[in-house]
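Participant: Sharing start-v6.cif here; it has mmCIF, C-alpha atoms.
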data_run
loop_
_atom_site.group_PDB
_atom_site.id
_atom_site.type_symbol
_atom_site.label_atom_id
_atom_site.label_comp_id
_atom_site.auth_asym_id
_atom_site.auth_seq_id
_atom_site.Cartn_x
_atom_site.Cartn_y
_atom_site.Cartn_z
ATOM 1 C CA MET B 646 -89.737 55.787 130.777
ATOM 2 C CA SER B 647 -86.959 55.776 133.351
ATOM 3 C CA LYS B 648 -83.378 55.409 132.133
ATOM 4 C CA ARG B 649 -81.972 52.005 133.074
ATOM 5 C CA SER B 650 -78.325 51.153 132.728
ATOM 6 C CA TYR B 651 -77.344 47.533 133.184
ATOM 7 C CA LEU B 652 -73.873 46.700 134.381
ATOM 8 C CA GLY B 653 -71.205 45.193 132.176
ATOM 9 C CA GLU B 654 -69.673 41.841 133.135
ATOM 10 C CA PHE B 655 -66.498 43.265 134.656
ATOM 11 C CA GLU B 656 -68.303 46.082 136.457
ATOM 12 C CA LEU B 657 -70.736 43.567 137.957
ATOM 13 C CA MET B 658 -67.857 41.353 139.080
ATOM 14 C CA ILE B 659 -66.133 44.313 140.729
ATOM 15 C CA LEU B 660 -69.308 45.388 142.546
ATOM 16 C CA LEU B 661 -69.946 41.840 143.783
ATOM 17 C CA ALA B 662 -66.346 41.603 144.986
ATOM 18 C CA LEU B 663 -66.800 44.893 146.869
ATOM 19 C CA ILE B 664 -69.964 43.590 148.520
ATOM 20 C CA ARG B 665 -68.204 40.345 149.497
ATOM 21 C CA LEU B 666 -65.176 42.147 150.929
ATOM 22 C CA GLY B 667 -67.123 44.729 152.925
ATOM 23 C CA GLU B 668 -64.930 47.200 154.794
ATOM 24 C CA GLU B 669 -61.616 45.769 153.521
ATOM 25 C CA ALA B 670 -62.143 46.450 149.833
ATOM 26 C CA TYR B 671 -59.108 48.093 148.242
ATOM 27 C CA GLY B 672 -57.139 47.231 145.106
ATOM 28 C CA VAL B 673 -55.182 44.178 146.306
ATOM 29 C CA PRO B 674 -58.036 42.262 148.026
ATOM 30 C CA ILE B 675 -60.370 43.087 145.134
ATOM 31 C CA SER B 676 -57.996 41.567 142.553
ATOM 32 C CA LYS B 677 -57.398 38.535 144.822
ATOM 33 C CA GLU B 678 -61.145 38.076 145.314
ATOM 34 C CA LEU B 679 -61.684 38.164 141.573
ATOM 35 C CA PHE B 680 -58.945 35.569 141.093
ATOM 36 C CA ASN B 681 -60.251 33.296 143.873
ATOM 37 C CA THR B 682 -63.866 33.377 142.721
ATOM 38 C CA THR B 683 -63.495 33.471 138.953
ATOM 39 C CA GLY B 684 -59.982 32.104 138.343
ATOM 40 C CA ARG B 685 -59.262 35.196 136.322
ATOM 41 C CA GLU B 686 -56.071 37.162 137.022
ATOM 42 C CA VAL B 687 -56.951 40.810 136.596
ATOM 43 C CA ALA B 688 -54.371 43.587 136.312
ATOM 44 C CA LEU B 689 -54.626 46.170 139.065
ATOM 45 C CA GLY B 690 -54.674 48.946 136.469
ATOM 46 C CA SER B 691 -57.843 47.448 134.982
ATOM 47 C CA VAL B 692 -59.402 47.180 138.442
ATOM 48 C CA TYR B 693 -58.734 50.857 139.150
ATOM 49 C CA ALA B 694 -60.011 51.918 135.723
ATOM 50 C CA ALA B 695 -63.276 50.042 136.355
ATOM 51 C CA LEU B 696 -63.539 51.473 139.886
ATOM 52 C CA ASP B 697 -62.986 54.953 138.474
ATOM 53 C CA ARG B 698 -65.827 54.476 135.986
ATOM 54 C CA LEU B 699 -68.098 53.115 138.722
ATOM 55 C CA GLU B 700 -67.244 56.072 140.942
ATOM 56 C CA GLN B 701 -68.114 58.501 138.164
ATOM 57 C CA LYS B 702 -71.461 56.733 137.807
ATOM 58 C CA GLU B 703 -71.858 57.095 141.592
ATOM 59 C CA LEU B 704 -72.135 53.322 141.995
ATOM 60 C CA VAL B 705 -69.187 53.207 144.403
ATOM 61 C CA SER B 706 -67.630 55.691 146.811
ATOM 62 C CA SER B 707 -64.115 55.720 148.213
ATOM 63 C CA THR B 708 -62.146 56.854 151.224
ATOM 64 C CA LEU B 709 -58.407 57.135 151.736
ATOM 65 C CA GLY B 710 -56.758 54.959 154.414
ATOM 66 C CA ASP B 711 -53.457 55.281 156.230
ATOM 67 C CA PRO B 712 -50.080 54.815 154.491
ATOM 68 C CA THR B 713 -48.110 51.642 155.305
ATOM 69 C CA PRO B 714 -44.364 50.818 154.891
ATOM 70 C CA ALA B 715 -45.096 47.703 152.756
ATOM 71 C CA ARG B 716 -46.683 50.008 150.197
ATOM 72 C CA GLY B 717 -43.726 52.408 150.062
ATOM 73 C CA GLY B 718 -45.540 54.796 152.388
ATOM 74 C CA ARG B 719 -48.582 55.026 150.142
ATOM 75 C CA ALA B 720 -52.155 55.017 151.402
ATOM 76 C CA LYS B 721 -54.840 52.495 150.498
ATOM 77 C CA ARG B 722 -58.064 53.651 148.881
ATOM 78 C CA TYR B 723 -61.047 51.778 150.266
ATOM 79 C CA PHE B 724 -64.083 51.366 148.029
ATOM 80 C CA ARG B 725 -67.670 50.818 149.017
ATOM 81 C CA VAL B 726 -70.838 50.142 147.022
ATOM 82 C CA THR B 727 -73.364 52.977 147.204
ATOM 83 C CA PRO B 728 -77.123 52.392 147.473
ATOM 84 C CA LYS B 729 -77.342 53.318 143.799
ATOM 85 C CA GLY B 730 -74.706 50.682 143.019
ATOM 86 C CA LEU B 731 -76.600 48.090 145.017
ATOM 87 C CA ARG B 732 -79.777 48.859 143.080
ATOM 88 C CA ALA B 733 -77.836 48.462 139.819
ATOM 89 C CA VAL B 734 -76.538 45.056 140.991
ATOM 90 C CA LYS B 735 -80.053 43.894 141.883
ATOM 91 C CA MET B 736 -81.474 45.159 138.610
ATOM 92 C CA THR B 737 -78.778 43.379 136.598
ATOM 93 C CA ARG B 738 -79.297 40.159 138.572
ATOM 94 C CA THR B 739 -83.046 40.280 137.892
ATOM 95 C CA ALA B 740 -82.431 40.856 134.188
ATOM 96 C CA LEU B 741 -79.946 37.965 134.007
ATOM 97 C CA ILE B 742 -82.260 35.594 135.923
ATOM 98 C CA ASN B 743 -85.123 36.446 133.581
ATOM 99 C CA LEU B 744 -82.896 35.797 130.582
ATOM 100 C CA TRP B 745 -81.710 32.454 131.988
ATOM 101 C CA GLN B 746 -85.283 31.326 132.666
ATOM 102 C CA GLU B 747 -85.995 31.592 128.972
ATOM 103 C CA LEU B 748 -83.232 29.066 128.254
ATOM 104 C CA PRO B 749 -84.143 25.739 129.965
ATOM 105 C CA GLN B 750 -81.902 23.774 127.576
ATOM 106 C CA LEU B 751 -78.856 25.566 129.070
ATOM 107 C CA GLY B 752 -79.796 24.826 132.653
ATOM 108 C CA GLY B 753 -82.144 27.712 133.341
ATOM 109 C CA ARG B 754 -85.502 26.876 134.892
ATOM 110 C CA PRO B 755 -88.542 27.514 132.661
ATOM 111 C CA ALA B 756 -90.591 30.567 133.573
ATOM 112 C CA MET U 1018 -40.929 30.987 143.819
ATOM 113 C CA ASN U 1019 -39.716 34.342 142.685
ATOM 114 C CA GLY U 1020 -37.896 35.228 145.862
ATOM 115 C CA LYS U 1021 -38.719 38.222 147.957
ATOM 116 C CA ARG U 1022 -37.159 41.492 146.822
ATOM 117 C CA SER U 1023 -37.078 44.674 148.784
ATOM 118 C CA ARG U 1024 -37.743 46.997 145.883
ATOM 119 C CA PRO U 1025 -39.439 46.679 142.496
ATOM 120 C CA PRO U 1026 -37.576 47.693 139.284
ATOM 121 C CA ALA U 1027 -36.767 51.384 139.613
ATOM 122 C CA LEU U 1028 -37.346 52.149 135.933
ATOM 123 C CA ALA U 1029 -40.768 50.468 135.962
ATOM 124 C CA ALA U 1030 -41.727 52.432 139.086
ATOM 125 C CA TRP U 1031 -40.560 55.660 137.441
ATOM 126 C CA VAL U 1032 -42.554 54.899 134.274
ATOM 127 C CA LEU U 1033 -45.596 54.118 136.398
ATOM 128 C CA ARG U 1034 -45.293 57.381 138.333
ATOM 129 C CA HIS U 1035 -44.938 59.504 135.210
ATOM 130 C CA LEU U 1036 -47.158 57.875 132.599
ATOM 131 C CA THR U 1037 -50.317 56.914 134.449
ATOM 132 C CA PRO U 1038 -53.227 59.315 135.074
ATOM 133 C CA THR U 1039 -52.890 61.262 138.303
ATOM 134 C CA LYS U 1040 -56.176 59.960 139.703
ATOM 135 C CA ASN U 1041 -55.547 56.901 141.924
ATOM 136 C CA ARG U 1042 -51.895 56.840 140.814
ATOM 137 C CA GLU U 1043 -50.499 56.717 144.345
ATOM 138 C CA GLU U 1044 -53.002 54.065 145.447
ATOM 139 C CA LEU U 1045 -52.270 51.911 142.387
ATOM 140 C CA THR U 1046 -48.522 52.262 142.941
ATOM 141 C CA GLY U 1047 -48.976 51.302 146.593
ATOM 142 C CA ASP U 1048 -51.006 48.227 145.616
ATOM 143 C CA LEU U 1049 -48.338 47.130 143.135
ATOM 144 C CA PHE U 1050 -45.614 47.598 145.768
ATOM 145 C CA GLU U 1051 -47.691 45.538 148.216
ATOM 146 C CA ARG U 1052 -48.156 42.675 145.718
ATOM 147 C CA PHE U 1053 -44.466 42.823 144.813
ATOM 148 C CA ASP U 1054 -43.597 42.641 148.506
ATOM 149 C CA GLU U 1055 -45.627 39.408 148.653
ATOM 150 C CA GLY U 1056 -43.161 37.812 146.214
ATOM 151 C CA ARG U 1057 -44.203 38.774 142.713
ATOM 152 C CA SER U 1058 -41.510 38.862 139.993
ATOM 153 C CA ASN U 1059 -39.927 41.806 138.224
ATOM 154 C CA LEU U 1060 -41.604 40.659 135.022
ATOM 155 C CA TRP U 1061 -44.983 40.703 136.746
ATOM 156 C CA PHE U 1062 -44.316 44.272 137.968
ATOM 157 C CA TRP U 1063 -43.354 45.433 134.483
ATOM 158 C CA ARG U 1064 -46.454 43.784 132.991
ATOM 159 C CA GLU U 1065 -48.713 45.463 135.550
ATOM 160 C CA CYS U 1066 -47.079 48.841 134.902
ATOM 161 C CA LEU U 1067 -47.515 48.590 131.133
ATOM 162 C CA ILE U 1068 -51.152 47.485 131.468
ATOM 163 C CA ALA U 1069 -51.806 50.355 133.906
ATOM 164 C CA ILE U 1070 -50.334 52.856 131.435
ATOM 165 C CA LEU U 1071 -52.325 51.432 128.516
ATOM 166 C CA VAL U 1072 -55.572 51.273 130.467
ATOM 167 C CA GLY U 1073 -55.003 54.757 131.865
ATOM 168 C CA PHE U 1074 -54.334 56.147 128.403
ATOM 169 C CA THR U 1075 -57.509 54.620 126.910
ATOM 170 C CA SER U 1076 -59.533 55.815 129.911
ATOM 171 C CA GLU U 1077 -58.232 59.347 129.400
ATOM 172 C CA LEU U 1078 -59.131 59.214 125.711
ATOM 173 C CA ARG U 1079 -62.616 57.954 126.540
ATOM 174 C CA ALA U 1080 -63.101 60.631 129.187
ATOM 175 C CA HIS U 1081 -61.940 63.398 126.831
ATOM 176 C CA TRP U 1082 -63.626 62.289 123.604
ATOM 177 C CA SER U 1083 -65.311 65.684 123.227
ATOM 178 C CA HIS U 1084 -61.928 67.448 123.393
ATOM 179 C CA ILE U 1085 -60.520 65.181 120.680
ATOM 180 C CA CYS U 1086 -63.582 65.728 118.450
ATOM 181 C CA CYS U 1087 -63.327 69.504 118.983
ATOM 182 C CA ALA U 1088 -59.608 69.485 118.082
ATOM 183 C CA LEU U 1089 -60.271 67.377 114.964
ATOM 184 C CA ALA U 1090 -63.151 69.597 113.830
ATOM 185 C CA GLY U 1091 -61.100 72.739 114.524
ATOM 186 C CA THR U 1092 -58.175 71.346 112.537
ATOM 187 C CA ALA U 1093 -60.510 70.524 109.655
ATOM 188 C CA LEU U 1094 -61.768 74.109 109.708
ATOM 189 C CA LEU U 1095 -58.305 75.638 109.772
ATOM 190 C CA MET U 1096 -56.399 73.269 107.521
ATOM 191 C CA PRO U 1097 -55.987 73.991 103.804
ATOM 192 C CA ALA U 1098 -59.248 73.203 102.051
ATOM 193 C CA PRO U 1099 -58.894 70.475 99.398
ATOM 194 C CA TRP U 1100 -61.038 72.279 96.857
ATOM 195 C CA PRO U 1101 -60.303 75.362 94.717
ATOM 196 C CA PRO U 1102 -60.184 78.302 94.955
ATOM 197 C CA HIS U 1103 -59.634 78.121 98.764
ATOM 198 C CA TRP U 1104 -56.403 76.196 98.696
ATOM 199 C CA TYR U 1105 -55.334 77.547 102.022
ATOM 200 C CA SER U 1106 -56.901 78.264 105.362
ATOM 201 C CA ALA U 1107 -59.580 80.876 105.863
ATOM 202 C CA GLU U 1108 -56.992 83.195 107.357
ATOM 203 C CA TYR U 1109 -54.746 82.809 104.325
ATOM 204 C CA TRP U 1110 -57.723 83.328 102.051
ATOM 205 C CA LEU U 1111 -58.540 86.583 103.856
ATOM 206 C CA TRP U 1112 -54.895 87.590 103.581
ATOM 207 C CA ASN U 1113 -55.079 87.258 99.787
ATOM 208 C CA ARG U 1114 -58.488 88.857 99.377
ATOM 209 C CA SER U 1115 -58.524 91.668 101.899
ATOM 210 C CA PRO U 1116 -56.039 94.552 101.579
ATOM 211 C CA ALA U 1117 -57.425 95.961 104.822
ATOM 212 C CA TYR U 1118 -56.532 92.787 106.723
ATOM 213 C CA ARG U 1119 -53.120 92.650 105.058
ATOM 214 C CA SER U 1120 -52.333 96.195 105.999
ATOM 215 C CA PHE U 1121 -53.601 95.543 109.530
ATOM 216 C CA VAL U 1122 -50.993 92.799 109.844
ATOM 217 C CA LEU U 1123 -48.173 94.460 107.923
ATOM 218 C CA ASP U 1124 -48.487 98.201 108.437
ATOM 219 C CA ILE U 1125 -47.578 98.259 112.029
ATOM 220 C CA HIS U 1126 -44.095 99.324 112.899
ATOM 221 C CA LEU U 1127 -42.634 97.429 115.788
ATOM 222 C CA GLN U 1128 -39.138 96.376 116.762
ATOM 223 C CA TRP U 1129 -38.012 92.765 116.465
ATOM 224 C CA PRO U 1130 -39.023 90.367 118.070
ATOM 225 C CA LEU U 1131 -42.392 92.106 118.564
ATOM 226 C CA THR U 1132 -42.961 92.100 114.810
ATOM 227 C CA SER U 1133 -42.580 88.317 114.659
ATOM 228 C CA ILE U 1134 -44.822 87.807 117.663
ATOM 229 C CA TYR U 1135 -47.411 90.137 116.138
ATOM 230 C CA GLY U 1136 -47.133 88.347 112.798
ATOM 231 C CA PHE U 1137 -48.027 85.022 114.392
ATOM 232 C CA VAL U 1138 -50.425 86.117 117.120
ATOM 233 C CA ILE U 1139 -52.766 88.049 114.784
ATOM 234 C CA PRO U 1140 -53.396 85.083 112.413
ATOM 235 C CA ALA U 1141 -53.700 82.781 115.439
ATOM 236 C CA THR U 1142 -56.307 85.105 116.947
ATOM 237 C CA PHE U 1143 -58.205 85.104 113.683
ATOM 238 C CA ASN U 1144 -58.081 81.301 113.538
ATOM 239 C CA VAL U 1145 -59.276 80.990 117.117
ATOM 240 C CA LEU U 1146 -62.231 83.245 116.292
ATOM 241 C CA ILE U 1147 -63.105 80.816 113.467
ATOM 242 C CA VAL U 1148 -63.121 77.854 115.865
ATOM 243 C CA ALA U 1149 -64.700 79.827 118.738
ATOM 244 C CA PRO U 1150 -68.186 78.298 118.142
ATOM 245 C CA LEU U 1151 -66.620 74.842 118.489
ATOM 246 C CA ILE U 1152 -64.892 75.876 121.705
ATOM 247 C CA VAL U 1153 -68.115 77.253 123.170
ATOM 248 C CA THR U 1154 -69.944 74.053 122.141
ATOM 249 C CA LEU U 1155 -67.271 72.028 123.933
ATOM 250 C CA LEU U 1156 -67.739 74.074 127.107
ATOM 251 C CA VAL U 1157 -71.521 73.596 126.874
ATOM 252 C CA LEU U 1158 -71.108 69.825 126.382
ATOM 253 C CA ASN U 1159 -68.863 69.612 129.435
ATOM 254 C CA LYS U 1160 -71.126 71.900 131.491
ATOM 255 C CA ALA U 1161 -68.239 74.287 132.064
ATOM 256 C CA VAL U 1162 -69.586 77.496 130.534
ATOM 257 C CA SER U 1163 -68.267 80.581 132.286
ATOM 258 C CA TRP U 1164 -66.624 83.773 131.127
ATOM 259 C CA ALA U 1165 -63.412 82.748 132.872
ATOM 260 C CA ASN U 1166 -63.304 79.387 131.063
ATOM 261 C CA VAL U 1167 -64.115 80.964 127.671
ATOM 262 C CA PHE U 1168 -61.455 83.626 128.140
ATOM 263 C CA ARG U 1169 -58.834 81.130 129.352
ATOM 264 C CA LEU U 1170 -59.558 78.681 126.537
ATOM 265 C CA LEU U 1171 -59.379 81.367 123.852
ATOM 266 C CA LEU U 1172 -56.176 82.827 125.294
ATOM 267 C CA VAL U 1173 -54.421 79.456 125.637
ATOM 268 C CA SER U 1174 -55.561 78.478 122.123
ATOM 269 C CA ILE U 1175 -54.157 81.693 120.642
ATOM 270 C CA LEU U 1176 -50.827 81.262 122.408
ATOM 271 C CA LEU U 1177 -50.480 77.591 121.441
ATOM 272 C CA LEU U 1178 -51.584 78.118 117.831
ATOM 273 C CA ALA U 1179 -49.140 81.017 117.440
ATOM 274 C CA SER U 1180 -46.324 79.013 119.067
ATOM 275 C CA GLY U 1181 -47.080 75.977 116.895
ATOM 276 C CA ASP U 1182 -47.132 78.122 113.746
ATOM 277 C CA LEU U 1183 -43.829 79.705 114.729
ATOM 278 C CA VAL U 1184 -42.188 76.307 115.350
ATOM 279 C CA VAL U 1185 -43.479 74.904 112.035
ATOM 280 C CA PHE U 1186 -42.418 78.070 110.200
ATOM 281 C CA LEU U 1187 -38.886 77.798 111.594
ATOM 282 C CA THR U 1188 -38.464 74.042 111.150
ATOM 283 C CA SER U 1189 -40.584 72.925 108.193
ATOM 284 C CA PRO U 1190 -39.420 73.696 104.645
ATOM 285 C CA THR U 1191 -43.017 73.557 103.389
ATOM 286 C CA TYR U 1192 -44.930 75.708 105.830
ATOM 287 C CA TRP U 1193 -48.372 74.650 104.565
ATOM 288 C CA GLY U 1194 -48.087 70.922 105.067
ATOM 289 C CA TRP U 1195 -49.026 68.099 107.392
ATOM 290 C CA ALA U 1196 -46.700 69.557 110.034
ATOM 291 C CA ARG U 1197 -48.910 72.631 110.296
ATOM 292 C CA ASP U 1198 -52.068 70.501 110.454
ATOM 293 C CA CYS U 1199 -50.501 68.467 113.264
ATOM 294 C CA SER U 1200 -49.467 71.615 115.107
ATOM 295 C CA ILE U 1201 -53.023 72.985 114.843
ATOM 296 C CA PHE U 1202 -54.487 69.705 116.123
ATOM 297 C CA LEU U 1203 -52.028 69.496 119.012
ATOM 298 C CA ALA U 1204 -52.522 73.157 119.930
ATOM 299 C CA LEU U 1205 -56.311 72.799 119.998
ATOM 300 C CA LEU U 1206 -56.192 69.466 121.813
ATOM 301 C CA ILE U 1207 -53.806 70.692 124.506
ATOM 302 C CA SER U 1208 -55.617 73.989 125.003
ATOM 303 C CA THR U 1209 -59.046 72.346 125.319
ATOM 304 C CA TRP U 1210 -57.665 69.522 127.483
ATOM 305 C CA VAL U 1211 -56.049 71.881 129.997
ATOM 306 C CA SER U 1212 -58.643 74.659 129.918
ATOM 307 C CA CYS U 1213 -61.953 72.825 129.717
ATOM 308 C CA PRO U 1214 -62.604 70.398 132.573
ATOM 309 C CA SER U 1215 -64.520 67.275 131.561
ATOM 310 C CA PRO U 1216 -67.245 65.807 133.841
ATOM 311 C CA ALA U 1217 -64.911 62.844 134.446
ATOM 312 C CA ASP U 1218 -62.444 65.181 136.165
ATOM 313 C CA SER U 1219 -64.877 65.961 138.940
ATOM 314 C CA LYS U 1220 -65.044 63.703 141.953
ATOM 315 C CA ALA U 1221 -68.182 61.674 142.650
ATOM 316 C CA PRO U 1222 -70.256 62.937 145.564
ATOM 317 C CA ALA U 1223 -69.743 61.406 148.976
ATOM 318 C CA LEU U 1224 -71.879 58.537 150.184
ATOM 319 C CA SER U 1225 -74.934 59.840 152.007
ATOM 320 C CA GLU U 1226 -77.357 56.915 152.243
ATOM 321 C CA PRO U 1227 -76.751 53.784 154.324
ATOM 322 C CA ILE U 1228 -76.042 50.552 152.440
ATOM 323 C CA GLU U 1229 -78.913 48.077 152.364
ATOM 324 C CA SER U 1230 -78.708 44.322 152.007
ATOM 325 C CA VAL U 1231 -78.207 42.603 148.635
ATOM 326 C CA GLU U 1232 -81.220 40.407 149.264
#
Take the structure from the file and write it as C-alpha cells.

Facilitator:
Amino acid sequence: MSKRSYLGEFELMILLALIRLGEEAYGVPISKELFNTTGREVALGSVYAALDRLEQKELVSSTLGDPTPARGGRAKRYFRVTPKGLRAVKMTRTALINLWQELPQLGGRPA
Amino acid sequence: MNGKRSRPPALAAWVLRHLTPTKNREELTGDLFERFDEGRSNLWFWRECLIAILVGFTSELRAHWSHICCALAGTALLMPAPWPPHWYSAEYWLWNRSPAYRSFVLDIHLQWPLTSIYGFVIPATFNVLIVAPLIVTLLVLNKAVSWANVFRLLLVSILLLASGDLVVFLTSPTYWGWARDCSIFLALLISTWVSCPSPADSKAPALSEPIESVE
C-alpha cells in the first residue's frame, strides 16, 4: 500500500494561496490572500513555519528575489507549488469531497 | 490609522534578528518591514516578532526531537541512579570499585592546570563512551553516519561534558545534584545539536517538473 499523507488545514490553505497567487507568492501577498479569502489574520512567522515544513516535504520550492529599499534592503523569497504539492492538494480535495458527500444533512450532496 | 513610520522599533528588530531561526530570517524580517512600511503599528510589529520567535522555537524543537531524546536518555544514563548500591553515576561507581581506574586518573604527575583538565576530561571521556551507542543511534536516525561526524560528536561531547563538570564543581556546593544533571543534559543537547545535522537542516531539492493544472 502506498503511503498517503493528507494535508492539514493550514497547509492546504497555504498551498491554495500559492496556486492563486502564481508567480507573485511571497510572505506578504500570501498572508494578505489568506486574510482576504478566509478573514483570518495570520502571523508572518506562522506562514514561514508552514512554508518551511512544506518545503521539507517537497510540496513547495522557493527562489530568492531581488532586495528592495522598502524591505530594508532584504530580498523576497518566492514560493511555488511543486507537482508533488499539487498532487497532495488534489488528493486532499478528493478526500474532503468524499467525506462531504456522506453528510447530506450538512449541505453535502448524497453519493 | 497608525501613521506611517520610517522605521520599526529597533529593539523588536534586534530581537527578531537574534532569536529567530536562521532559515528564512532575512526574508521574514523583510516582509515585516514591508508590512510596517504600509502603516502597521509598533504594537503589531512587536506581536509579529514575538509570534515569529515562538513559532521558530517550536519548529526547531520539532525538527530536533531526536537530539532532545538522545540528550534526555544520555542524562538518564549518566545521572545518579535512584537505587542502591549505585547511588552515583557509572563513572563514579567505577571510581569506587576499580583501583586500576582510580590509579589511572590519579597516578599521573602533571603540572597545574593540566592536572585539573586531566581530572575532568578522563571522566568525561568515560561518560561519553557510555552514551556512545545513543550518539551512534542518533546519527543513524538522522542519516548522518560518517567517521567524521562520529569523531566530531564524541570530541565535542567530551569537551562540553568536561567543561560543564568543571563549572558545576567550581560553582555548586553539592557537586552531585540537579546542577550536574542539567549540565550533562545541556552538554549532550548542544553537542548533538551542533554536530549532528538533522534532515530538516538540509534544503529541499530544486523544482524539476513543470507545474500542471489544479483541475

Participant: Rounded to one decimal, what separation in Å do you get between CA of Ile664 (chain B) and CA of Leu1045 (chain U)?

Facilitator: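 Going from CA of Ile664 (chain B) over to CA of Leu1045 (chain U), I get 20.5 Å.
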
Participant: Please provide as number ranges by chain all residues within 8 Å of Ala695 (chain B), with the sequence filter that same-chain residues fewer than 3 positions apart are discarded (counting all atoms listed in the file).

Facilitator: B: 655-656, 659, 691-692, 698-699

Participant: Find the residues around Ser1208 (chain U) up to 9 Å (only C-alpha atoms counted), leave out those fewer than 5 positions away in its own chain, and share them as JSON, numbers by chain.

Facilitator: {"U": [1169, 1170, 1171, 1172, 1173, 1174, 1175, 1177, 1203, 1213]}

Participant: Please dump the current selection as a compact mmCIF listing (two decimals), in the frame of the given file; keep C-alpha atoms.

Facilitator:
# COMPACT_ATOMS: atom_id res chain seq x y z
CA ARG U 1169 -58.83 81.13 129.35
CA LEU U 1170 -59.56 78.68 126.54
CA LEU U 1171 -59.38 81.37 123.85
CA LEU U 1172 -56.18 82.83 125.29
CA VAL U 1173 -54.42 79.46 125.64
CA SER U 1174 -55.56 78.48 122.12
CA ILE U 1175 -54.16 81.69 120.64
CA LEU U 1177 -50.48 77.59 121.44
CA LEU U 1203 -52.03 69.50 119.01
CA CYS U 1213 -61.95 72.82 129.72

Participant: Report, in Å to a single decimal, how far apart CA of His1084 (chain U) and CA of Ile1134 (chain U) are.

Facilitator: 27.2 Å

Participant: Tell me, in Å to one decimal, how far CA of Val1185 (chain U) is from CA of Thr1142 (chain U).

Facilitator: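 That distance, rounded to one decimal, is 17.1 Å.
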
Participant: Name the residues within 10 Å of (-63.0, 46.1, 149.1), counting all atoms listed in the file in the file's coordinates, and put them as number ranges by chain.

Facilitator: B: 659-676, 678, 707, 722-726

Participant: Between B:Pro728, B:Lys677, B:Leu657, B:Leu696, which has the minimum distance to chain U (counting only C-alpha atoms)?

Facilitator: B:Pro728

Participant: Reconstruct region 697-711 of chain B at the level of N, CA and C atoms, and format the result as a short mmCIF file (atom, residue, chain, number, x, y, z; two decimals), in the coordinates of the input.

Facilitator:
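The resulting file, rebuild_9.cif, is reproduced below:
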data_model
loop_
_atom_site.label_atom_id
_atom_site.label_comp_id
_atom_site.auth_asym_id
_atom_site.auth_seq_id
_atom_site.Cartn_x
_atom_site.Cartn_y
_atom_site.Cartn_z
N ASP B 697 -62.86 53.53 138.82
CA ASP B 697 -62.99 54.95 138.47
C ASP B 697 -64.29 55.21 137.70
N ARG B 698 -64.57 54.33 136.75
CA ARG B 698 -65.83 54.48 135.99
C ARG B 698 -67.04 54.34 136.91
N LEU B 699 -66.98 53.34 137.80
CA LEU B 699 -68.10 53.12 138.72
C LEU B 699 -68.28 54.30 139.67
N GLU B 700 -67.16 54.92 140.04
CA GLU B 700 -67.24 56.07 140.94
C GLU B 700 -67.86 57.27 140.22
N GLN B 701 -67.51 57.41 138.94
CA GLN B 701 -68.11 58.50 138.16
C GLN B 701 -69.62 58.30 138.00
N LYS B 702 -70.02 57.03 137.91
CA LYS B 702 -71.46 56.73 137.81
C LYS B 702 -72.14 56.74 139.17
N GLU B 703 -71.37 57.04 140.21
CA GLU B 703 -71.86 57.10 141.59
C GLU B 703 -72.34 55.74 142.09
N LEU B 704 -71.77 54.66 141.54
CA LEU B 704 -72.14 53.32 142.00
C LEU B 704 -71.23 52.87 143.13
N VAL B 705 -70.06 53.47 143.26
CA VAL B 705 -69.19 53.21 144.40
C VAL B 705 -68.67 54.54 144.95
N SER B 706 -68.29 54.52 146.22
CA SER B 706 -67.63 55.69 146.81
C SER B 706 -66.31 55.21 147.42
N SER B 707 -65.41 56.14 147.70
CA SER B 707 -64.11 55.72 148.21
C SER B 707 -63.63 56.64 149.32
N THR B 708 -62.80 56.07 150.17
CA THR B 708 -62.15 56.85 151.22
C THR B 708 -60.68 56.45 151.27
N LEU B 709 -59.85 57.39 151.69
CA LEU B 709 -58.41 57.14 151.74
C LEU B 709 -58.01 56.60 153.12
N GLY B 710 -57.22 55.52 153.14
CA GLY B 710 -56.76 54.96 154.41
C GLY B 710 -55.41 55.52 154.82
N ASP B 711 -54.76 54.82 155.75
CA ASP B 711 -53.46 55.28 156.23
C ASP B 711 -52.33 54.67 155.39
#
